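Have a look at run_27.cif; it's mmCIF, C-alpha atoms:
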data_protein
#
loop_
_atom_site.group_PDB
_atom_site.id
_atom_site.type_symbol
_atom_site.label_atom_id
_atom_site.label_comp_id
_atom_site.auth_asym_id
_atom_site.auth_seq_id
_atom_site.Cartn_x
_atom_site.Cartn_y
_atom_site.Cartn_z
ATOM 1 C CA SER X 931 4.717 -33.112 -11.330
ATOM 2 C CA SER X 932 2.986 -31.039 -14.044
ATOM 3 C CA ASP X 933 2.476 -28.118 -11.646
ATOM 4 C CA PRO X 934 4.546 -25.092 -12.785
ATOM 5 C CA THR X 935 5.230 -24.299 -9.116
ATOM 6 C CA CYS X 936 6.656 -26.418 -6.322
ATOM 7 C CA ARG X 937 8.283 -26.235 -2.902
ATOM 8 C CA SER X 938 11.799 -27.395 -2.200
ATOM 9 C CA GLU X 939 12.237 -30.434 0.059
ATOM 10 C CA SER X 940 13.968 -30.367 3.450
ATOM 11 C CA ASP X 941 17.265 -31.194 1.709
ATOM 12 C CA GLY X 942 16.832 -28.304 -0.768
ATOM 13 C CA THR X 943 15.985 -30.449 -3.808
ATOM 14 C CA TYR X 944 13.086 -29.573 -6.095
ATOM 15 C CA THR X 945 11.290 -31.040 -9.118
ATOM 16 C CA LEU X 946 9.426 -29.096 -11.800
ATOM 17 C CA GLY X 947 7.892 -30.204 -15.070
ATOM 18 C CA PRO X 948 7.116 -31.176 -17.653
ATOM 19 C CA ALA X 949 7.991 -27.929 -19.426
ATOM 20 C CA PRO X 950 8.508 -26.932 -23.077
ATOM 21 C CA ILE X 951 12.037 -27.091 -24.455
ATOM 22 C CA GLY X 952 13.760 -23.719 -24.764
ATOM 23 C CA PRO X 953 14.591 -20.708 -22.575
ATOM 24 C CA VAL X 954 12.840 -20.516 -19.199
ATOM 25 C CA ARG X 955 12.987 -18.193 -16.217
ATOM 26 C CA LEU X 956 12.677 -19.696 -12.757
ATOM 27 C CA GLN X 957 11.592 -17.471 -9.868
ATOM 28 C CA VAL X 958 12.392 -18.419 -6.284
ATOM 29 C CA ARG X 959 10.461 -17.007 -3.334
ATOM 30 C CA HIS X 960 10.906 -17.642 0.378
ATOM 31 C CA ARG X 961 9.395 -16.142 3.494
ATOM 32 C CA ASP X 962 12.846 -14.952 4.609
ATOM 33 C CA LEU X 963 13.632 -13.246 1.283
ATOM 34 C CA ALA X 964 12.450 -9.688 0.686
ATOM 35 C CA MET X 965 12.549 -10.124 -3.116
ATOM 36 C CA ALA X 966 12.026 -12.957 -5.561
ATOM 37 C CA GLN X 967 15.235 -14.193 -7.174
ATOM 38 C CA SER X 968 15.251 -15.097 -10.887
ATOM 39 C CA PHE X 969 17.348 -17.629 -12.799
ATOM 40 C CA ASP X 970 17.432 -18.057 -16.589
ATOM 41 C CA PHE X 971 18.018 -21.501 -18.114
ATOM 42 C CA GLU X 972 17.878 -23.286 -21.458
ATOM 43 C CA LEU X 973 15.804 -26.487 -21.174
ATOM 44 C CA ARG X 974 16.868 -29.428 -23.311
ATOM 45 C CA GLU X 975 15.035 -32.635 -24.091
ATOM 46 C CA GLY X 976 15.001 -35.097 -21.196
ATOM 47 C CA ASP X 977 15.888 -34.464 -17.570
ATOM 48 C CA ASN X 978 17.635 -31.204 -16.677
ATOM 49 C CA GLN X 979 19.411 -30.376 -13.452
ATOM 50 C CA PHE X 980 19.899 -26.782 -12.333
ATOM 51 C CA ASP X 981 21.410 -26.077 -8.934
ATOM 52 C CA LEU X 982 20.393 -22.691 -7.545
ATOM 53 C CA VAL X 983 22.575 -20.529 -5.315
ATOM 54 C CA LEU X 984 20.695 -17.870 -3.332
ATOM 55 C CA HIS X 985 23.085 -15.078 -2.396
ATOM 56 C CA ASP X 986 22.441 -13.433 0.966
ATOM 57 C CA THR X 987 22.618 -9.868 -0.331
ATOM 58 C CA SER X 988 20.968 -7.673 2.313
ATOM 59 C CA VAL X 989 20.422 -4.259 3.851
ATOM 60 C CA ALA X 990 19.805 -3.460 7.499
ATOM 61 C CA GLY X 991 18.734 -0.309 9.265
ATOM 62 C CA ILE X 992 16.161 1.337 11.479
ATOM 63 C CA VAL X 993 12.837 3.157 11.069
ATOM 64 C CA ARG X 994 12.277 6.253 13.206
ATOM 65 C CA ASP X 995 9.625 8.939 13.538
ATOM 66 C CA GLU X 996 10.247 12.660 13.064
ATOM 67 C CA ASN X 997 11.430 12.907 16.683
ATOM 68 C CA GLY X 998 13.937 10.062 16.380
ATOM 69 C CA ALA X 999 11.894 7.450 18.253
ATOM 70 C CA PRO X 1000 11.979 3.926 16.760
ATOM 71 C CA LEU X 1001 8.860 2.652 14.964
ATOM 72 C CA ALA X 1002 7.782 -0.984 15.222
ATOM 73 C CA GLY X 1003 5.615 -2.937 12.779
ATOM 74 C CA ILE X 1004 6.400 -0.817 9.706
ATOM 75 C CA GLU X 1005 5.963 -2.676 6.387
ATOM 76 C CA LEU X 1006 9.042 -2.596 4.164
ATOM 77 C CA HIS X 1007 8.842 -3.280 0.418
ATOM 78 C CA VAL X 1008 11.852 -3.434 -1.905
ATOM 79 C CA ASP X 1009 11.635 -3.185 -5.707
ATOM 80 C CA THR X 1010 13.963 -2.449 -8.558
ATOM 81 C CA VAL X 1011 13.446 1.037 -9.990
ATOM 82 C CA ASP X 1012 12.085 -0.532 -13.186
ATOM 83 C CA GLU X 1013 9.538 -2.639 -11.273
ATOM 84 C CA ALA X 1014 8.308 0.121 -8.958
ATOM 85 C CA GLU X 1015 5.595 1.344 -11.362
ATOM 86 C CA PHE X 1016 4.247 -2.183 -11.806
ATOM 87 C CA THR X 1017 4.216 -2.668 -8.029
ATOM 88 C CA GLU X 1018 2.235 0.545 -7.560
ATOM 89 C CA GLY X 1019 -0.289 -0.642 -10.151
ATOM 90 C CA LEU X 1020 -0.628 -3.975 -8.369
ATOM 91 C CA ALA X 1021 -1.194 -2.206 -5.047
ATOM 92 C CA GLU X 1022 -3.925 -0.056 -6.611
ATOM 93 C CA ALA X 1023 -5.639 -3.103 -8.147
ATOM 94 C CA THR X 1024 -5.542 -4.904 -4.790
ATOM 95 C CA ALA X 1025 -7.059 -1.890 -3.018
ATOM 96 C CA LEU X 1026 -9.884 -1.695 -5.588
ATOM 97 C CA PHE X 1027 -10.658 -5.336 -6.298
ATOM 98 C CA GLY X 1028 -9.393 -7.125 -3.216
ATOM 99 C CA GLY X 1029 -7.059 -10.075 -3.049
ATOM 100 C CA ALA X 1030 -3.928 -10.823 -1.109
ATOM 101 C CA GLY X 1031 -1.269 -8.158 -1.256
ATOM 102 C CA ARG X 1032 2.433 -8.863 -1.153
ATOM 103 C CA ARG X 1033 3.720 -10.234 2.136
ATOM 104 C CA ALA X 1034 6.159 -7.695 3.516
ATOM 105 C CA PRO X 1035 8.812 -7.809 6.266
ATOM 106 C CA ARG X 1036 8.192 -5.472 9.208
ATOM 107 C CA SER X 1037 10.440 -3.512 11.516
ATOM 108 C CA ALA X 1038 11.082 -5.065 14.940
ATOM 109 C CA ASP X 1039 10.022 -3.654 18.305
ATOM 110 C CA ASP X 1040 13.165 -1.507 18.402
ATOM 111 C CA GLY X 1041 12.554 -0.221 14.855
ATOM 112 C CA THR X 1042 15.373 -2.243 13.302
ATOM 113 C CA PHE X 1043 15.045 -4.363 10.165
ATOM 114 C CA VAL X 1044 17.072 -6.716 7.978
ATOM 115 C CA LEU X 1045 15.986 -7.314 4.366
ATOM 116 C CA ARG X 1046 17.610 -10.400 2.867
ATOM 117 C CA GLY X 1047 17.743 -11.858 -0.623
ATOM 118 C CA LEU X 1048 17.912 -8.527 -2.437
ATOM 119 C CA ARG X 1049 18.766 -8.283 -6.109
ATOM 120 C CA HIS X 1050 22.329 -7.173 -6.805
ATOM 121 C CA GLY X 1051 23.730 -4.897 -9.478
ATOM 122 C CA VAL X 1052 20.650 -2.697 -9.980
ATOM 123 C CA PRO X 1053 19.256 0.415 -8.213
ATOM 124 C CA LEU X 1054 16.579 -0.447 -5.648
ATOM 125 C CA GLN X 1055 13.767 1.426 -3.896
ATOM 126 C CA LEU X 1056 12.799 0.779 -0.284
ATOM 127 C CA THR X 1057 9.254 1.871 0.572
ATOM 128 C CA ALA X 1058 8.068 2.007 4.189
ATOM 129 C CA ARG X 1059 4.405 2.098 5.214
ATOM 130 C CA GLY X 1060 2.661 2.086 8.582
ATOM 131 C CA ARG X 1061 -0.634 3.023 10.157
ATOM 132 C CA LEU X 1062 -0.877 6.768 10.837
ATOM 133 C CA ARG X 1063 2.474 7.315 9.104
ATOM 134 C CA VAL X 1064 3.120 9.080 5.786
ATOM 135 C CA PRO X 1065 4.723 6.496 3.437
ATOM 136 C CA SER X 1066 8.309 7.174 2.427
ATOM 137 C CA THR X 1067 10.638 5.841 -0.284
ATOM 138 C CA VAL X 1068 14.420 5.592 0.061
ATOM 139 C CA ALA X 1069 16.734 5.044 -2.924
ATOM 140 C CA LEU X 1070 19.353 2.307 -2.546
ATOM 141 C CA GLU X 1071 22.486 2.273 -4.683
ATOM 142 C CA PRO X 1072 23.258 -1.062 -6.429
ATOM 143 C CA LEU X 1073 24.481 -3.807 -4.105
ATOM 144 C CA ALA X 1074 27.359 -6.163 -4.815
ATOM 145 C CA VAL X 1075 26.758 -9.931 -4.754
ATOM 146 C CA GLY X 1076 26.612 -11.033 -1.123
ATOM 147 C CA GLU X 1077 26.971 -7.477 0.229
ATOM 148 C CA ARG X 1078 25.483 -6.783 3.649
ATOM 149 C CA ARG X 1079 24.859 -3.061 3.799
ATOM 150 C CA GLY X 1080 23.948 -1.531 7.157
ATOM 151 C CA ASP X 1081 22.928 1.821 8.613
ATOM 152 C CA VAL X 1082 19.995 2.433 6.247
ATOM 153 C CA ALA X 1083 17.887 5.134 7.907
ATOM 154 C CA VAL X 1084 14.171 5.536 7.198
ATOM 155 C CA GLN X 1085 12.074 8.317 8.698
ATOM 156 C CA LEU X 1086 8.276 8.381 8.709
ATOM 157 C CA ARG X 1087 6.388 11.453 9.836
ATOM 158 C CA ALA X 1088 2.966 11.385 11.468
ATOM 159 C CA ALA X 1089 -0.065 11.092 9.183
ATOM 160 C CA GLY X 1090 -3.750 11.801 9.635
ATOM 161 C CA ARG X 1091 -6.780 9.548 9.218
ATOM 162 C CA VAL X 1092 -9.975 10.193 7.256
ATOM 163 C CA ARG X 1093 -13.030 7.979 7.611
ATOM 164 C CA VAL X 1094 -15.418 8.249 4.668
ATOM 165 C CA ARG X 1095 -19.109 7.383 4.488
ATOM 166 C CA ALA X 1096 -20.183 6.958 0.870
ATOM 167 C CA ASP X 1097 -23.436 5.015 0.531
ATOM 168 C CA GLY X 1098 -24.003 3.808 -3.015
ATOM 169 C CA ALA X 1099 -20.376 4.302 -4.053
ATOM 170 C CA ILE X 1100 -18.076 1.512 -5.217
ATOM 171 C CA ALA X 1101 -14.755 3.284 -4.596
ATOM 172 C CA VAL X 1102 -13.352 6.332 -2.824
ATOM 173 C CA GLY X 1103 -10.039 8.094 -3.335
ATOM 174 C CA PRO X 1104 -8.079 11.070 -1.971
ATOM 175 C CA GLN X 1105 -6.647 13.830 -4.187
ATOM 176 C CA TRP X 1106 -4.144 16.432 -2.993
ATOM 177 C CA ALA X 1107 -5.996 19.777 -2.936
ATOM 178 C CA ALA X 1108 -3.443 22.233 -1.537
ATOM 179 C CA SER X 1109 -1.698 24.839 -3.703
ATOM 180 C CA GLU X 1110 1.780 23.704 -2.688
ATOM 181 C CA ALA X 1111 3.449 20.647 -4.230
ATOM 182 C CA PRO X 1112 1.952 17.288 -3.238
ATOM 183 C CA PRO X 1113 3.807 15.196 -0.651
ATOM 184 C CA SER X 1114 6.590 13.030 -2.014
ATOM 185 C CA GLY X 1115 6.436 9.263 -1.771
ATOM 186 C CA PRO X 1116 4.009 6.591 -2.966
ATOM 187 C CA THR X 1117 0.689 7.603 -4.517
ATOM 188 C CA GLN X 1118 -2.525 7.423 -2.478
ATOM 189 C CA HIS X 1119 -4.879 5.040 -4.321
ATOM 190 C CA MET X 1120 -8.627 4.727 -4.610
ATOM 191 C CA VAL X 1121 -9.964 1.916 -2.424
ATOM 192 C CA ARG X 1122 -13.050 -0.250 -2.576
ATOM 193 C CA VAL X 1123 -16.012 0.795 -0.420
ATOM 194 C CA ASN X 1124 -17.170 -1.866 2.047
ATOM 195 C CA ASN X 1125 -20.605 -1.451 3.621
ATOM 196 C CA GLY X 1126 -20.593 2.191 2.560
ATOM 197 C CA GLN X 1127 -17.332 2.977 4.344
ATOM 198 C CA ALA X 1128 -13.638 3.462 3.575
ATOM 199 C CA THR X 1129 -10.686 4.624 5.669
ATOM 200 C CA PHE X 1130 -7.405 6.342 4.761
ATOM 201 C CA ASP X 1131 -4.821 6.391 7.545
ATOM 202 C CA GLN X 1132 -1.596 7.330 5.734
ATOM 203 C CA LEU X 1133 -2.454 10.860 4.535
ATOM 204 C CA ALA X 1134 0.104 13.652 4.848
ATOM 205 C CA PRO X 1135 -1.113 16.699 6.795
ATOM 206 C CA GLY X 1136 -2.743 19.267 4.515
ATOM 207 C CA LEU X 1137 -5.758 19.707 2.249
ATOM 208 C CA TRP X 1138 -7.221 16.617 0.563
ATOM 209 C CA ARG X 1139 -10.283 16.210 -1.661
ATOM 210 C CA LEU X 1140 -12.194 12.955 -1.161
ATOM 211 C CA VAL X 1141 -13.975 11.749 -4.305
ATOM 212 C CA ALA X 1142 -16.396 8.822 -4.623
ATOM 213 C CA GLU X 1143 -17.068 6.773 -7.753
ATOM 214 C CA ARG X 1144 -20.595 5.484 -8.400
ATOM 215 C CA PRO X 1145 -21.539 2.188 -10.111
ATOM 216 C CA ASP X 1146 -22.359 4.054 -13.350
ATOM 217 C CA GLY X 1147 -18.826 5.471 -13.466
ATOM 218 C CA ALA X 1148 -19.857 8.966 -12.382
ATOM 219 C CA ALA X 1149 -17.745 10.712 -9.736
ATOM 220 C CA THR X 1150 -18.942 13.029 -6.990
ATOM 221 C CA ALA X 1151 -17.747 16.636 -6.871
ATOM 222 C CA GLY X 1152 -15.829 15.660 -3.770
ATOM 223 C CA GLN X 1153 -15.339 17.217 -0.378
ATOM 224 C CA VAL X 1154 -12.192 18.981 0.828
ATOM 225 C CA VAL X 1155 -10.941 18.188 4.314
ATOM 226 C CA THR X 1156 -7.969 19.429 6.323
ATOM 227 C CA VAL X 1157 -5.926 16.468 7.483
ATOM 228 C CA THR X 1158 -4.056 16.909 10.763
ATOM 229 C CA ALA X 1159 -1.239 14.659 11.981
ATOM 230 C CA GLY X 1160 -2.482 12.128 14.529
ATOM 231 C CA ALA X 1161 -6.139 13.197 14.203
ATOM 232 C CA THR X 1162 -9.172 11.504 12.620
ATOM 233 C CA GLN X 1163 -11.641 13.335 10.361
ATOM 234 C CA SER X 1164 -15.033 12.029 9.208
ATOM 235 C CA VAL X 1165 -16.471 12.804 5.791
ATOM 236 C CA THR X 1166 -19.806 11.926 4.173
ATOM 237 C CA LEU X 1167 -20.026 11.892 0.360
#

Serialized structure, C-alpha cells:
Amino acid sequence: SSDPTCRSESDGTYTLGPAPIGPVRLQVRHRDLAMAQSFDFELREGDNQFDLVLHDTSVAGIVRDENGAPLAGIELHVDTVDEAEFTEGLAEATALFGGAGRRAPRSADDGTFVLRGLRHGVPLQLTARGRLRVPSTVALEPLAVGERRGDVAVQLRAAGRVRVRADGAIAVGPQWAASEAPPSGPTQHMVRVNNGQATFDQLAPGLWRLVAERPDGAATAGQVVTVTAGATQSVTL
C-alpha cells in the first residue's frame, strides 16, 4: 500500500510503503494506549522488516474531589514535559477552529484509572479535566521500561460555569481578573462562538473577565463576572 498509515492485522502484522530510503520514525497508536509510541528505523532498498515491541508501561490511581469523593468520567491526558506546550496549542486551535480533539481515557465509576503505553525514561505530565471541575496537572517522575506505577492521586476542586451571549462575535475567552495569582493548571482558551453563544464550565472560583473578538479583529472591553463553585452565571457581550 502507498498509504503512509495502516492498521495491524489480527495476527499483529502490518505493511507500510513505499517509502523513501533513509531514517524514518514510525508512530504507533491504539485505543488502549494513552500515548503514541515512536520507533526510529533506517530504511534500506527493498523490503524491510521491523518487529515492534509495545511495552506495557503504566500508571494507575484515582481521581477525587476536594472532599475525597471519587469522580467518574474525568478525561486524563498524558504528555511529556517537552510536548505539553504543543498539546496546549493544539487544544486552543481545536477550540477555535473545530475538529476532533485527542481521544482521552476517562476515570471509571469509582474514580479509578489505568493509563497504559506510557513513554519511559522521561518526565511526564498528567492533566485531568471534567465538567464543572477546575483542571489540574500532576507531575510524574520518569518511568522504567515496563513499570506499573500505582497510587497516583489526582484531586479536582469544584468549578463554576459561565454562559456567554455574544452576537456578532467569532470567539470568546476568559481572562483572570483578580488581584491574587491566577489559578494553577492548564490555561483557559478562547473558544469559537456558535449561534452567538459560548460556555465555559471549568473556571476556578474568582473574578474573570470575558472578552469577545469580532470578525474585524477588534476585541470588546469585556465584562467582569464573579465565578462561584457549582453555580452558573450568564453574561452578554

For this session: Specify as an NGL selection string each residue included when the PyMOL selection byres ((chain X and resi 985) around 9) is applied to this file.
Result: :X and (983-984 or 986-987 or 1046-1049 or 1075-1077)

For this session: Can you give me, as a ChimeraX atom specification, the residues this file yields under the PyMOL selection byres ((chain X and resi 1103-1112) around 9)?
Result: /X:1101-1102,1113-1114,1118-1122,1130,1133,1136-1143,1154-1155

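Coordinates place CA of Asn997 (chain X) at a distance of 27.5 Å from CA of Ser1164 (chain X).
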
Problem set entry | Residues returned when the PyMOL selection byres ((chain X and resi 944) around 12) runs on this file, as JSON, numbers by chain | {"X": [931, 934, 935, 936, 937, 938, 939, 940, 941, 942, 943, 945, 946, 947, 956, 958, 978, 979, 980, 981, 982]}

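Compared by their closest atoms to Ala1034 (chain X), and using only C-alpha atoms, the residues X:Leu963, X:Ala1148, X:Ala1088, X:Val1123 rank with X:Leu963 nearest.
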
For this session: For Gln957 (chain X), work out the shell of residues within 9 Å, counting all atoms listed in the file and skipping chain neighbours fewer than 3 positions away, then give it as an NGL selection string.
Result: :X and (966-970)

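Considering the residues X:His960, X:Arg1087, X:Arg1061, X:Arg974 and counting all atoms listed in the file, Arg994 (chain X) has its shortest atom-to-atom contact with X:Arg1087.
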
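CA of Ala1002 (chain X) is positioned 27.1 Å from CA of His1050 (chain X).
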
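The smallest atom-to-atom distance between Gly1090 (chain X) and any of X:Gln1132, X:Thr1067, X:Ser988, X:Leu1056, using all atoms listed in the file, is found for X:Gln1132.
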
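Ranking X:Arg1095, X:Ala990, X:Thr1156, X:Asp1131 by their shortest atom-to-atom distance to Asp1081 (chain X), with all atoms listed in the file included, puts X:Ala990 first.
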
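For the choices X:Ala1038, X:Ala1074, X:Ala1099, X:Val993, the atom-to-atom distance to Ala1058 (chain X) is smallest for X:Val993 when using only C-alpha atoms.
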